[in-house]
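Okay, final-v2.cif now, which holds mmCIF, C-alpha atoms:
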```cif
data_start
loop_
_atom_site.label_atom_id
_atom_site.label_comp_id
_atom_site.auth_asym_id
_atom_site.auth_seq_id
_atom_site.Cartn_x
_atom_site.Cartn_y
_atom_site.Cartn_z
CA LEU A 1 -5.81 -174.78 -52.73
CA GLY A 2 -3.67 -175.35 -49.69
CA GLU A 3 -2.73 -178.57 -48.03
CA VAL A 4 -5.35 -180.25 -45.81
CA ASN A 5 -4.22 -180.51 -42.21
CA PRO A 6 -4.78 -184.05 -40.80
CA LYS A 7 -5.48 -182.66 -37.31
CA ALA A 8 -8.19 -180.40 -38.73
CA CYS A 9 -9.73 -183.38 -40.54
CA GLU A 10 -9.63 -185.42 -37.32
CA CYS A 11 -11.24 -182.57 -35.43
CA MET A 12 -14.07 -182.20 -37.93
CA ARG A 13 -14.57 -185.99 -38.19
CA CYS A 14 -14.98 -186.26 -34.41
CA TYR A 15 -17.24 -183.21 -34.35
CA ILE A 16 -19.55 -184.63 -37.04
CA GLN A 17 -19.61 -188.08 -35.42
CA GLY A 18 -20.33 -186.45 -32.06
CA ASN A 19 -23.29 -184.64 -33.63
CA GLU A 20 -24.58 -187.96 -34.99
CA ARG A 21 -24.29 -189.65 -31.57
CA LEU A 22 -26.05 -186.71 -29.96
CA ASP A 23 -28.90 -186.99 -32.48
CA GLU A 24 -29.09 -190.73 -31.72
CA GLU A 25 -29.39 -189.91 -27.99
CA GLN A 26 -26.02 -191.41 -27.10
CA PRO A 27 -24.66 -188.49 -25.08
CA SER A 28 -21.72 -190.30 -23.46
CA GLN A 29 -20.30 -191.30 -26.85
CA ALA A 30 -20.95 -187.75 -28.13
CA ILE A 31 -19.04 -186.26 -25.18
CA ALA A 32 -16.06 -188.54 -25.86
CA LEU A 33 -16.04 -187.55 -29.53
CA TYR A 34 -16.31 -183.83 -28.74
CA ASN A 35 -13.39 -184.20 -26.32
CA GLN A 36 -11.35 -185.83 -29.10
CA ALA A 37 -12.32 -183.01 -31.46
CA LEU A 38 -11.22 -180.39 -28.93
CA HIS A 39 -7.96 -182.22 -28.33
CA SER A 40 -7.27 -182.33 -32.08
CA ALA A 41 -8.14 -178.65 -32.45
CA ASN A 42 -5.94 -177.58 -29.55
CA SER A 43 -2.97 -179.71 -30.58
CA THR A 44 -2.27 -177.45 -33.59
CA PRO A 45 -2.45 -173.76 -32.63
CA LYS A 46 -2.10 -172.56 -36.25
CA ILE A 47 -5.41 -174.11 -37.30
CA SER A 48 -7.20 -173.76 -33.97
CA ALA A 49 -8.67 -170.38 -34.91
CA GLN A 50 -10.17 -171.85 -38.11
CA LEU A 51 -12.02 -174.68 -36.35
CA PRO A 52 -15.46 -174.37 -34.70
CA GLU A 53 -14.18 -174.70 -31.13
CA GLY A 54 -17.09 -172.67 -29.73
CA ALA A 55 -19.63 -174.87 -31.50
CA ILE A 56 -17.89 -178.01 -30.25
CA LEU A 57 -18.00 -176.69 -26.67
CA MET A 58 -21.70 -175.84 -26.99
CA LYS A 59 -22.52 -179.27 -28.41
CA ARG A 60 -20.54 -180.95 -25.65
CA ALA A 61 -22.47 -178.93 -23.07
CA ARG A 62 -25.72 -180.03 -24.73
CA ALA A 63 -24.55 -183.65 -24.55
CA TYR A 64 -23.78 -183.28 -20.83
CA LEU A 65 -27.23 -181.80 -20.31
CA GLN A 66 -28.88 -184.63 -22.26
CA ARG A 67 -26.97 -187.23 -20.22
CA ALA A 68 -27.97 -185.52 -16.96
CA SER A 69 -31.59 -185.46 -18.10
CA ASN A 70 -31.45 -189.18 -18.91
CA HIS A 71 -29.95 -189.92 -15.50
CA ARG A 72 -32.64 -187.83 -13.83
CA LYS A 73 -35.40 -189.81 -15.58
CA ILE A 74 -33.83 -193.10 -14.48
CA LEU A 75 -33.44 -191.83 -10.92
CA LYS A 76 -37.10 -190.75 -10.78
CA VAL A 77 -38.21 -194.24 -11.82
CA LEU A 78 -35.93 -195.85 -9.23
CA VAL A 79 -37.13 -193.56 -6.43
CA LYS A 80 -40.76 -194.20 -7.37
CA ASP A 81 -40.13 -197.94 -7.35
CA LEU A 82 -38.33 -197.70 -4.02
CA SER A 83 -41.13 -195.66 -2.46
CA GLU A 84 -43.60 -198.35 -3.52
CA THR A 85 -41.55 -201.24 -2.10
CA VAL A 86 -40.29 -199.79 1.19
CA PRO A 87 -42.88 -199.73 3.97
CA SER A 88 -43.89 -196.34 5.30
CA THR A 89 -42.97 -195.13 8.77
CA ASP A 90 -46.56 -195.61 9.92
CA THR A 91 -46.55 -199.22 8.71
CA MET A 92 -43.26 -199.91 10.48
CA GLN A 93 -44.57 -198.39 13.72
CA LEU A 94 -47.73 -200.49 13.48
CA LEU A 95 -45.70 -203.65 12.90
CA TYR A 96 -43.47 -202.83 15.86
CA LYS A 97 -46.46 -202.20 18.14
CA THR A 98 -48.09 -205.42 16.98
CA ALA A 99 -44.89 -207.39 17.55
CA THR A 100 -44.34 -205.95 21.03
CA SER A 101 -47.95 -206.39 22.14
CA HIS A 102 -48.18 -209.96 20.74
CA PRO A 103 -44.83 -211.66 21.34
CA PRO A 104 -45.82 -214.94 19.61
CA LEU A 105 -46.23 -212.94 16.33
CA SER A 106 -42.97 -211.02 16.65
CA ALA A 107 -40.75 -213.76 15.20
CA SER A 108 -42.87 -214.12 12.05
CA ILE A 109 -43.19 -210.33 11.61
CA PHE A 110 -39.45 -209.75 11.91
CA SER A 111 -38.57 -212.70 9.68
CA ARG A 112 -40.96 -211.32 7.05
CA LEU A 113 -39.31 -207.90 7.26
CA ALA A 114 -35.88 -209.49 6.92
CA GLN A 115 -37.03 -211.53 3.91
CA ASP A 116 -38.55 -208.44 2.25
CA SER A 117 -35.33 -206.52 2.91
CA LYS A 118 -33.27 -209.23 1.22
CA LEU A 119 -35.60 -209.18 -1.81
CA GLN A 120 -35.31 -205.39 -2.06
CA GLN A 121 -31.54 -205.59 -1.77
CA MET A 122 -31.34 -208.16 -4.59
CA LYS A 123 -33.65 -206.04 -6.74
CA TRP A 124 -31.52 -202.91 -6.27
CA ARG A 125 -28.29 -204.74 -7.05
CA GLN A 126 -29.68 -205.60 -10.47
#
```

Before anything else, please render the file you have as structure tokens.
Amino acid sequence: LGEVNPKACECMRCYIQGNERLDEEQPSQAIALYNQALHSANSTPKISAQLPEGAILMKRARAYLQRASNHRKILKVLVKDLSETVPSTDTMQLLYKTATSHPPLSASIFSRLAQDSKLQQMKWRQ
């Protein structure tokens, strides 16, 4: 048996750990580990052909896709929540018409809108 190359061991360790993180639905950690594996594989050209570089690239692509899918799910929830908290155009037009036709109510209507806007802003900063 020949000598074991430490860079090849590092590459395979990162690849296997990346696979574990991907299975645990931790795509960002998996991507970092696959990048380390690729760096280890490419740092030694003699052993590069013996390492599963194509498989590492495919797994990294899968991790990017999983992360994008997770972000998309989060974004959908945020947009849904925003659409439920922000008044519609029709509601805003009605409030404006009410405020302009009844000046004594305008101050309370606009202060309420300002208060609601501040609450929404605090919610989105969280």

Handout entry: Distance in Å - atom CA of Ala61 of chain A versus atom CA of Arg21 of chain A
Key =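 It comes out at 13.8 Å.
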
Give the padded box for segment 60-63 of chain A as lines of an AutoDock Vina configuration file: axis-aligned, covering all atoms listed in the file, 4 Å on each side, centre and edge lengths in Å to one decimal.
```
center_x = -23.1
center_y = -181.3
center_z = -24.4
size_x = 13.2
size_y = 12.7
size_z = 10.6
```

Practice task
Would you mind listing what lies within 12 Å of Asp81 of chain A as a list in words, with only C-alpha atoms counted and same-chain residues fewer than 6 positions away left out?
Solution key: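 Listed by chain and then number, they are Ile74, Leu75, Pro87, Gln120, Lys123 and Trp124 of chain A.
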
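Counting only C-alpha atoms, the residue from A:Ser101, A:Ser28, A:Ser83, A:Ser108 that sits nearest to Asn70 of chain A is A:Ser28.
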
Name every residue that the PyMOL selection byres ((chain A and resi 19) around 12) selects in this structure, writing the answer as a PDB file with C-alpha atoms, in the coordinates of the input with chains first and numbers rising.
```
ATOM      1  CA  MET A  12     -14.070-182.200 -37.930  1.00  0.00           C
ATOM      2  CA  ARG A  13     -14.570-185.990 -38.190  1.00  0.00           C
ATOM      3  CA  CYS A  14     -14.980-186.260 -34.410  1.00  0.00           C
ATOM      4  CA  TYR A  15     -17.240-183.210 -34.350  1.00  0.00           C
ATOM      5  CA  ILE A  16     -19.550-184.630 -37.040  1.00  0.00           C
ATOM      6  CA  GLN A  17     -19.610-188.080 -35.420  1.00  0.00           C
ATOM      7  CA  GLY A  18     -20.330-186.450 -32.060  1.00  0.00           C
ATOM      8  CA  GLU A  20     -24.580-187.960 -34.990  1.00  0.00           C
ATOM      9  CA  ARG A  21     -24.290-189.650 -31.570  1.00  0.00           C
ATOM     10  CA  LEU A  22     -26.050-186.710 -29.960  1.00  0.00           C
ATOM     11  CA  ASP A  23     -28.900-186.990 -32.480  1.00  0.00           C
ATOM     12  CA  GLU A  24     -29.090-190.730 -31.720  1.00  0.00           C
ATOM     13  CA  GLU A  25     -29.390-189.910 -27.990  1.00  0.00           C
ATOM     14  CA  GLN A  26     -26.020-191.410 -27.100  1.00  0.00           C
ATOM     15  CA  PRO A  27     -24.660-188.490 -25.080  1.00  0.00           C
ATOM     16  CA  SER A  28     -21.720-190.300 -23.460  1.00  0.00           C
ATOM     17  CA  GLN A  29     -20.300-191.300 -26.850  1.00  0.00           C
ATOM     18  CA  ALA A  30     -20.950-187.750 -28.130  1.00  0.00           C
ATOM     19  CA  ILE A  31     -19.040-186.260 -25.180  1.00  0.00           C
ATOM     20  CA  ALA A  32     -16.060-188.540 -25.860  1.00  0.00           C
ATOM     21  CA  LEU A  33     -16.040-187.550 -29.530  1.00  0.00           C
ATOM     22  CA  TYR A  34     -16.310-183.830 -28.740  1.00  0.00           C
ATOM     23  CA  ALA A  37     -12.320-183.010 -31.460  1.00  0.00           C
ATOM     24  CA  ALA A  55     -19.630-174.870 -31.500  1.00  0.00           C
ATOM     25  CA  ILE A  56     -17.890-178.010 -30.250  1.00  0.00           C
ATOM     26  CA  LEU A  57     -18.000-176.690 -26.670  1.00  0.00           C
ATOM     27  CA  MET A  58     -21.700-175.840 -26.990  1.00  0.00           C
ATOM     28  CA  LYS A  59     -22.520-179.270 -28.410  1.00  0.00           C
ATOM     29  CA  ARG A  60     -20.540-180.950 -25.650  1.00  0.00           C
ATOM     30  CA  ARG A  62     -25.720-180.030 -24.730  1.00  0.00           C
ATOM     31  CA  ALA A  63     -24.550-183.650 -24.550  1.00  0.00           C
TER      32      ALA A  63
END
```

Practice task
Step by step: start from the point (-46.7, -203.6, 10.1) in the file's coordinates, keep every protein, DNA or RNA residue that has an atom no farther than 12 Å from it, count only C-alpha atoms, and write the set as a PyMOL selection string.
Solution key: chain A and resi 86-100+105-106+108-110+112-113

Practice task
Name the residues that the PyMOL selection byres ((chain A and resi 38-40) around 8) pulls out of this structure, and write them as a ChimeraX atom specification.
Solution key: /A:7-8,10-11,34-37,41-44,53,56

Practice task
For atom CA of Lys118 of chain A and atom CA of Lys80 of chain A, quote the distance in Å rounded to one decimal.
Solution key: 18.9 Å

Using the partial input, fill out segment 77-88 of chain A with all heavy atoms; write the result as a PDB file, in the coordinates of the input.
```pdb
ATOM      1  N   VAL A  77     -37.576-192.916 -11.763  1.00  0.00           N
ATOM      2  CA  VAL A  77     -38.210-194.240 -11.820  1.00  0.00           C
ATOM      3  C   VAL A  77     -37.757-195.087 -10.640  1.00  0.00           C
ATOM      4  O   VAL A  77     -38.571-195.754  -9.985  1.00  0.00           O
ATOM      5  CB  VAL A  77     -37.901-194.936 -13.161  1.00  0.00           C
ATOM      6  CG1 VAL A  77     -38.309-196.397 -13.137  1.00  0.00           C
ATOM      7  CG2 VAL A  77     -38.587-194.212 -14.312  1.00  0.00           C
ATOM      8  N   LEU A  78     -36.452-195.058 -10.342  1.00  0.00           N
ATOM      9  CA  LEU A  78     -35.930-195.850  -9.230  1.00  0.00           C
ATOM     10  C   LEU A  78     -36.494-195.386  -7.885  1.00  0.00           C
ATOM     11  O   LEU A  78     -36.858-196.203  -7.042  1.00  0.00           O
ATOM     12  CB  LEU A  78     -34.399-195.776  -9.199  1.00  0.00           C
ATOM     13  CG  LEU A  78     -33.676-196.480 -10.337  1.00  0.00           C
ATOM     14  CD1 LEU A  78     -32.181-196.193 -10.274  1.00  0.00           C
ATOM     15  CD2 LEU A  78     -33.939-197.967 -10.316  1.00  0.00           C
ATOM     16  N   VAL A  79     -36.586-194.083  -7.692  1.00  0.00           N
ATOM     17  CA  VAL A  79     -37.130-193.560  -6.430  1.00  0.00           C
ATOM     18  C   VAL A  79     -38.601-193.921  -6.303  1.00  0.00           C
ATOM     19  O   VAL A  79     -39.064-194.308  -5.225  1.00  0.00           O
ATOM     20  CB  VAL A  79     -36.917-192.027  -6.342  1.00  0.00           C
ATOM     21  CG1 VAL A  79     -37.719-191.424  -5.215  1.00  0.00           C
ATOM     22  CG2 VAL A  79     -35.442-191.723  -6.166  1.00  0.00           C
ATOM     23  N   LYS A  80     -39.334-193.832  -7.398  1.00  0.00           N
ATOM     24  CA  LYS A  80     -40.760-194.200  -7.370  1.00  0.00           C
ATOM     25  C   LYS A  80     -40.905-195.679  -7.018  1.00  0.00           C
ATOM     26  O   LYS A  80     -41.729-196.044  -6.178  1.00  0.00           O
ATOM     27  CB  LYS A  80     -41.409-193.928  -8.731  1.00  0.00           C
ATOM     28  CG  LYS A  80     -42.891-194.220  -8.775  1.00  0.00           C
ATOM     29  CD  LYS A  80     -43.462-193.863 -10.149  1.00  0.00           C
ATOM     30  CE  LYS A  80     -44.936-194.078 -10.216  1.00  0.00           C
ATOM     31  NZ  LYS A  80     -45.351-195.457 -10.281  1.00  0.00           N
ATOM     32  N   ASP A  81     -40.080-196.508  -7.640  1.00  0.00           N
ATOM     33  CA  ASP A  81     -40.130-197.940  -7.350  1.00  0.00           C
ATOM     34  C   ASP A  81     -39.755-198.211  -5.901  1.00  0.00           C
ATOM     35  O   ASP A  81     -40.404-199.018  -5.226  1.00  0.00           O
ATOM     36  CB  ASP A  81     -39.178-198.679  -8.300  1.00  0.00           C
ATOM     37  CG  ASP A  81     -39.331-200.188  -8.228  1.00  0.00           C
ATOM     38  OD1 ASP A  81     -40.469-200.668  -8.037  1.00  0.00           O
ATOM     39  OD2 ASP A  81     -38.312-200.891  -8.360  1.00  0.00           O
ATOM     40  N   LEU A  82     -38.752-197.523  -5.405  1.00  0.00           N
ATOM     41  CA  LEU A  82     -38.330-197.700  -4.020  1.00  0.00           C
ATOM     42  C   LEU A  82     -39.432-197.263  -3.061  1.00  0.00           C
ATOM     43  O   LEU A  82     -39.711-197.950  -2.073  1.00  0.00           O
ATOM     44  CB  LEU A  82     -37.056-196.907  -3.735  1.00  0.00           C
ATOM     45  CG  LEU A  82     -36.504-196.992  -2.327  1.00  0.00           C
ATOM     46  CD1 LEU A  82     -36.115-198.417  -1.984  1.00  0.00           C
ATOM     47  CD2 LEU A  82     -35.317-196.067  -2.168  1.00  0.00           C
ATOM     48  N   SER A  83     -40.078-196.142  -3.357  1.00  0.00           N
ATOM     49  CA  SER A  83     -41.130-195.660  -2.460  1.00  0.00           C
ATOM     50  C   SER A  83     -42.323-196.614  -2.427  1.00  0.00           C
ATOM     51  O   SER A  83     -43.057-196.658  -1.448  1.00  0.00           O
ATOM     52  CB  SER A  83     -41.578-194.263  -2.858  1.00  0.00           C
ATOM     53  OG  SER A  83     -42.230-194.279  -4.102  1.00  0.00           O
ATOM     54  N   GLU A  84     -42.501-197.390  -3.498  1.00  0.00           N
ATOM     55  CA  GLU A  84     -43.600-198.350  -3.520  1.00  0.00           C
ATOM     56  C   GLU A  84     -43.241-199.659  -2.823  1.00  0.00           C
ATOM     57  O   GLU A  84     -44.122-200.391  -2.387  1.00  0.00           O
ATOM     58  CB  GLU A  84     -44.003-198.643  -4.971  1.00  0.00           C
ATOM     59  CG  GLU A  84     -44.657-197.458  -5.656  1.00  0.00           C
ATOM     60  CD  GLU A  84     -44.875-197.671  -7.143  1.00  0.00           C
ATOM     61  OE1 GLU A  84     -44.438-198.709  -7.680  1.00  0.00           O
ATOM     62  OE2 GLU A  84     -45.472-196.783  -7.769  1.00  0.00           O
ATOM     63  N   THR A  85     -41.944-199.961  -2.703  1.00  0.00           N
ATOM     64  CA  THR A  85     -41.550-201.240  -2.100  1.00  0.00           C
ATOM     65  C   THR A  85     -41.143-201.131  -0.640  1.00  0.00           C
ATOM     66  O   THR A  85     -41.198-202.108   0.086  1.00  0.00           O
ATOM     67  CB  THR A  85     -40.381-201.878  -2.882  1.00  0.00           C
ATOM     68  OG1 THR A  85     -39.284-200.981  -2.896  1.00  0.00           O
ATOM     69  CG2 THR A  85     -40.787-202.221  -4.290  1.00  0.00           C
ATOM     70  N   VAL A  86     -40.710-199.968  -0.204  1.00  0.00           N
ATOM     71  CA  VAL A  86     -40.290-199.790   1.190  1.00  0.00           C
ATOM     72  C   VAL A  86     -41.506-199.392   2.024  1.00  0.00           C
ATOM     73  O   VAL A  86     -42.236-198.477   1.654  1.00  0.00           O
ATOM     74  CB  VAL A  86     -39.189-198.718   1.295  1.00  0.00           C
ATOM     75  CG1 VAL A  86     -38.860-198.418   2.739  1.00  0.00           C
ATOM     76  CG2 VAL A  86     -37.963-199.157   0.539  1.00  0.00           C
ATOM     77  N   PRO A  87     -41.736-200.079   3.132  1.00  0.00           N
ATOM     78  CA  PRO A  87     -42.880-199.730   3.970  1.00  0.00           C
ATOM     79  C   PRO A  87     -42.746-198.323   4.554  1.00  0.00           C
ATOM     80  O   PRO A  87     -41.654-197.860   4.851  1.00  0.00           O
ATOM     81  CB  PRO A  87     -42.863-200.777   5.085  1.00  0.00           C
ATOM     82  CG  PRO A  87     -41.784-201.722   4.784  1.00  0.00           C
ATOM     83  CD  PRO A  87     -40.985-201.203   3.650  1.00  0.00           C
ATOM     84  N   SER A  88     -43.889-197.690   4.728  1.00  0.00           N
ATOM     85  CA  SER A  88     -43.890-196.340   5.300  1.00  0.00           C
ATOM     86  C   SER A  88     -43.544-196.391   6.778  1.00  0.00           C
ATOM     87  O   SER A  88     -43.568-197.447   7.410  1.00  0.00           O
ATOM     88  CB  SER A  88     -45.267-195.698   5.104  1.00  0.00           C
ATOM     89  OG  SER A  88     -46.216-196.362   5.925  1.00  0.00           O
TER      90      SER A  88
END
```
